[in-house]
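*Asks:* My structure is below; once you've seen it, I'll send some questions.
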Amino acid sequence: MALKALDIYKLLPKKNCKECGDPTCLTFAMKLAGGKADVDLCPYLDDQAKAVLGATTRPPIRRVRIGVGERSFEIGEEFVLYRHEKTFFHQPGILFEVSDTQSPDEITSITKRVKDESFTRVGTDLMFSGIAVRNRSNATDSFAAAVGIVENVADLPLVLISANTAALSAALVHCGTYRPLIHAATKGNFKEMCALAKQHGCPLVIKAHQLDELAQLAKDCSAEGVQDFVMDLSPASLYEFIASSTGIRQLAITRTAPDLGYPVYLDATAGGMQDAWIALGIVKYASVIVTAPLSRASAKAALTLRQNVYTDPQKPIQMNPGLYRVGTPGKDAPVLMTVNFSLTFFTLEGYLESARIPCFMLIVDTEGLSVLTAVAAGKLNETLVLDAIRRFDVENEVSHKKLIIPGYAAPLSGRIEEATGWKVMVGPRDAAEIGDFLNEEWKR
Amino acid sequence: MGFDLRFGWTGPIGGVTLGATRSEGGTRRVSYRIGGGSTLPFLDSNSSFSSPLIAFEICDNPVFWPPIVRNYCGDLVNNVEDWAKTADSTYGADMIRLYLTSTRQRNFSDIPAVGKAVEAVLSATSLPLIIEGSNEPKIDSEVFQRCGEVAQGERLLLGTAEANRYRSIAAAALAYNHSLIAQSPIDVNLAKQLNILLREIGVLRDHIVIDPYTGTLGYGFEYSYSAMERIRFSALKGDTDLAMPMICSPADTLTIKEVREAESAVQDEMAATWEFYTGLAAAVAGAEIICVRHPETVGKLRLAFTSMKNGTGSAQVR
């Protein structure tokens, strides 16, 4: 069970020595209770107190790093069932699978794709996370060779999938120091798998079909000295995945079953419903998703869903205020004012691009609020608009003094006209109608 | 050693009936009862639980429809009856959602044509219908009245009521015993407020389907996703003003940049994939009617929903 801050405080030395970095033992206790500090920071704890605290103060889901260097990624350390309760912190790694039965050229080209392919959305580059190498041949040499080919192309995080410990051992000669994820330890082979994971300091997938078997396996593997686990339940249907993954998350974050406090692994390659597995994996708590290389359409949709679900709901993404150009606007081009909430910006920009009317977008600083909320909260007002017109020198960019404002800002039109001396035109509420609006109202 | 999964839910989601068969006073070959869930979506232990419904959206004036669907469906889009028939028999939808886009023309006044369009679709398909009325407050009253009247007994789902525009649609729903869609802009409190307004003028809870508004994947879908989760969560915690089933219509999906600007060879796949990811995630968040516009999305969703149902034999799936 989780300990409360005061219970933890009772176990601390109460010296307020500040050696842990916190000003008092009580504030340190509060951090421990929130899973935000490590017991080892306190030099005065005896082993018994550490043992009591260690199990209950670490994050309810262990943080595991896969790979090394720039492209390595962290998973786990999640605290909530719903993203709106706080946020989801570590987005799942989505890895493309190659098999050691494929030709070196095929393996090379898939690896290159993961290395280089990137897709920009809302100012962020979205990429796939790594390569999973499957030992489909079950032979030792070809597995090691396939891993070698991948390693030659790029330093990407890897998953090594094999039931053959000799093959894994041979592959780890190539990549063991780069923290690949080893798949997978089962009830039957966990001792050998743990030995490999321990020898190379790698995270390990543990695999069982029932939650209680999985919890037992986590215990057994911990006893072998491995700590970084990822759990594979090999669900037989999408239903089984939703049920087991939700179960693991709920039992882990409430610390009802601390032995299930590890990230979840999902194999999306089977069954011909790759998109469904990936979409569910993203929304329902998978942390490592292995898939066959995706089509362009699926690739974009998957990365976008992942970006959406792992966006912090408490922090709107903001644009820098300024005067942005769509196409190559001339002196007579329309000027459209809107807020610096990035979603508003990109939605409007998209529709303006397809309207094919070169224009200026005047982005004012509403601290990331949307038009509707900014107007309601008084964050969007005539002073702000006037400042933006001056600051971004709009009067010298265009030869007219007409400003198009969003439909939802209509109540401000009079005050904006008075403050700026510009003629205000009230645009549509829905950005989708901006093309028609410009064609009908502006060009007239 | 087993694990007991407890969330502490107190109230179930209320039920809403869509469509009416002959024995129920209508002419549909099937009627649906949605809602009734007592935990998170897809986790109900009762294996008879129905999958989300897939509604195919059509319209009576395709000028207002995404070009990609017009291209894919070809001449069908010019004949609302044939389009509805095809959506039923070929695309395999569970429901048809007819948008009366003809009413969006400036100064529209041909109310009898509205009634004819609804009648045409009622006779073209025997699936339950969602009818999306006017977008213009001035003609709301007549349009909804006419839709309600010509489909009396059919238990339509009428759309769409909003906070500043709900009286006309509610009057038609009440007069002819139809249900209605209550749409609010991605906010749990606004959804609740609208439901209370509707209740105060006499619309019963079991005649309301919540539409928390679906932002397109990549353009605000995260807000819709969380709004849906919060509505479901509040309902399960016992808030009866939010304990209604939800509908998701990712209608803007087919006009976003990624779909619009895709190379023509992959444009249909892009559209269907984008709708699929949005619809599937919305279903997991709690939506029980998923609306789509691209025909290829229907089968993809169907396959996934089958595998998401409790008690599905694993052999069928993998």
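Ordered as shown in the structure tokens, chains take letters A, B, and onward, while each chain numbers its residues from 1 and ligands are numbered from 1 in the order shown.
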If the cut-off is 7 Å, can you tell me the residues of chain A near chain B, counting only C-alpha atoms? I'd like them as a ChimeraX atom specification.
*Replies:* /A:84,212,236-239,243,247,270-271,276,279-280,283,297-298,301,304-305,308-309,343,347,350
*Asks:* Got a sec to tell me which of segment 9-85 of chain B DSSP assigns to strand (DSSP E or B), as a PyMOL selection string?
*Replies:* chain B and resi 16-18+21+28+32-34+53-59
*Asks:* So which residues touch segment 173-183 of chain A within 8 Å, counting only C-alpha atoms, skipping near sequence neighbours fewer than 2 positions away, as number ranges by chain?
*Replies:* A: 65-68, 144, 147-148, 151, 157-163, 168-171, 185, 197, 200-206
*Asks:* Give the answer as one residue: which of A:Cys20, A:Val371, A:Ile317, A:Ala37 has the shortest atom-to-atom distance to Gly123 of chain A, using only C-alpha atoms?
*Replies:*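 Result for the nearest residue to Gly123 of chain A: A:Ile317.
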*Asks:* So that I can see what lies close to Thr328 of chain A, please list as a PyMOL selection string the residues with an atom at most 10 Å from it, counting only C-alpha atoms and leaving out residues fewer than 3 positions away in the same chain.
*Replies:* chain A and resi 325+333+357-360
*Asks:* Would you save the residues from that selection as a compact mmCIF listing (two decimals), in the first residue's frame, using N, CA and C atoms?
*Replies:*
```
# COMPACT_ATOMS: atom_id res chain seq x y z
N ARG A 325 3.18 34.87 -43.04
CA ARG A 325 2.73 34.97 -44.43
C ARG A 325 2.20 33.64 -44.92
N ALA A 333 -2.86 42.50 -49.89
CA ALA A 333 -3.36 41.21 -49.38
C ALA A 333 -4.11 41.40 -48.07
N ILE A 357 -5.33 32.11 -51.52
CA ILE A 357 -5.33 33.57 -51.55
C ILE A 357 -4.19 34.03 -50.64
N PRO A 358 -3.12 34.56 -51.21
CA PRO A 358 -1.99 34.98 -50.37
C PRO A 358 -2.47 36.00 -49.34
N CYS A 359 -2.00 35.87 -48.11
CA CYS A 359 -2.47 36.80 -47.08
C CYS A 359 -1.51 36.81 -45.90
N PHE A 360 -1.79 37.69 -44.95
CA PHE A 360 -1.02 37.78 -43.71
C PHE A 360 -1.86 37.25 -42.55
```
*Asks:* I need the alpha helix (DSSP H) residues of segment 103-306 of chain A per DSSP on the backbone, written as a ChimeraX atom specification.
*Replies:* /A:104-116,140-153,165-175,190-200,211-223,238-253,274-283,296-306
*Asks:* Quick one: contact table of segment 133-250 of chain B to segment 54-58 of chain B, 12 Å max, nearest atom pair and distance in Å to one decimal per residue, counting only C-alpha atoms, chain and number order, as JSON lines?
*Replies:*
```
{"residue": "B:Leu157", "atom": "CA", "partner": "B:Ala55", "partner_atom": "CA", "distance": 11.4}
{"residue": "B:Ile247", "atom": "CA", "partner": "B:Ala55", "partner_atom": "CA", "distance": 9.7}
{"residue": "B:Cys248", "atom": "CA", "partner": "B:Ala55", "partner_atom": "CA", "distance": 9.7}
{"residue": "B:Ser249", "atom": "CA", "partner": "B:Ala55", "partner_atom": "CA", "distance": 9.1}
{"residue": "B:Pro250", "atom": "CA", "partner": "B:Glu57", "partner_atom": "CA", "distance": 10.7}
```
*Asks:* May I have the residues from that selection written out with C-alpha atoms, as an mmCIF file, in the first residue's frame?
*Replies:*
```cif
data_model
loop_
_atom_site.group_PDB
_atom_site.id
_atom_site.type_symbol
_atom_site.label_atom_id
_atom_site.label_comp_id
_atom_site.auth_asym_id
_atom_site.auth_seq_id
_atom_site.Cartn_x
_atom_site.Cartn_y
_atom_site.Cartn_z
ATOM 1 C CA LEU B 157 -32.187 10.564 -33.943
ATOM 2 C CA ILE B 247 -21.977 10.100 -30.688
ATOM 3 C CA CYS B 248 -18.727 10.920 -32.519
ATOM 4 C CA SER B 249 -18.650 12.519 -35.928
ATOM 5 C CA PRO B 250 -15.150 13.342 -37.131
#
```
*Asks:* What's around segment 42-54 of chain A at 12 Å? Count only C-alpha atoms, leave out sequence neighbours fewer than 2 positions away in its own chain, and write the answer as an MDAnalysis selection string.
*Replies:* chainID A and resid 1:5 7:22 24:25 28:29 32:33 35 37:40 56:60 258
*Asks:* I'd like the interatomic distance between atom CA of Phe96 of chain A and atom CA of Arg62 of chain A, to a tenth of an Å.
*Replies:*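 Distance reported for this atom pair: 24.1 Å.
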*Asks:* Neighbours of segment 428-438 of chain A within 7 Å (only C-alpha atoms; same-chain residues fewer than 5 positions away dropped), as a list in words?
*Replies:* Thr347, Leu348, Tyr351, Leu352, Ala355, Pro406, Gly407, Tyr408 and Lys443 of chain A
*Asks:* Report as a VMD selection string all protein, DNA and RNA residues lying within 10 Å of Leu194 of chain B, evaluated on only C-alpha atoms, omitting residues in the same chain fewer than 4 positions from it.
*Replies:* chain B and resid 161 to 164 166 182 to 184 189 to 190 198 to 200 210 241 to 242
*Asks:* Using only C-alpha atoms, can you tell me which of B:Ile68, B:Gly153, B:Gly148, B:Asp60 comes closest to Ala120 of chain B?
*Replies:*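 For Ala120 of chain B, the nearest of the candidates is B:Asp60.
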*Asks:* Name the closest residue to Arg146 of chain B among the candidates B:Ile186, B:Ile290, B:Ala117, B:Ala124; distances are taken between atoms, counting only C-alpha atoms.
*Replies:*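 Among B:Ile186, B:Ile290, B:Ala117, B:Ala124, it is B:Ala117 that comes nearest to Arg146 of chain B.
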*Asks:* Rounded to one decimal, what separation in Å do you get between atom CA of Lys116 of chain B and atom CA of Ala151 of chain B?
*Replies:* 10.7 Å
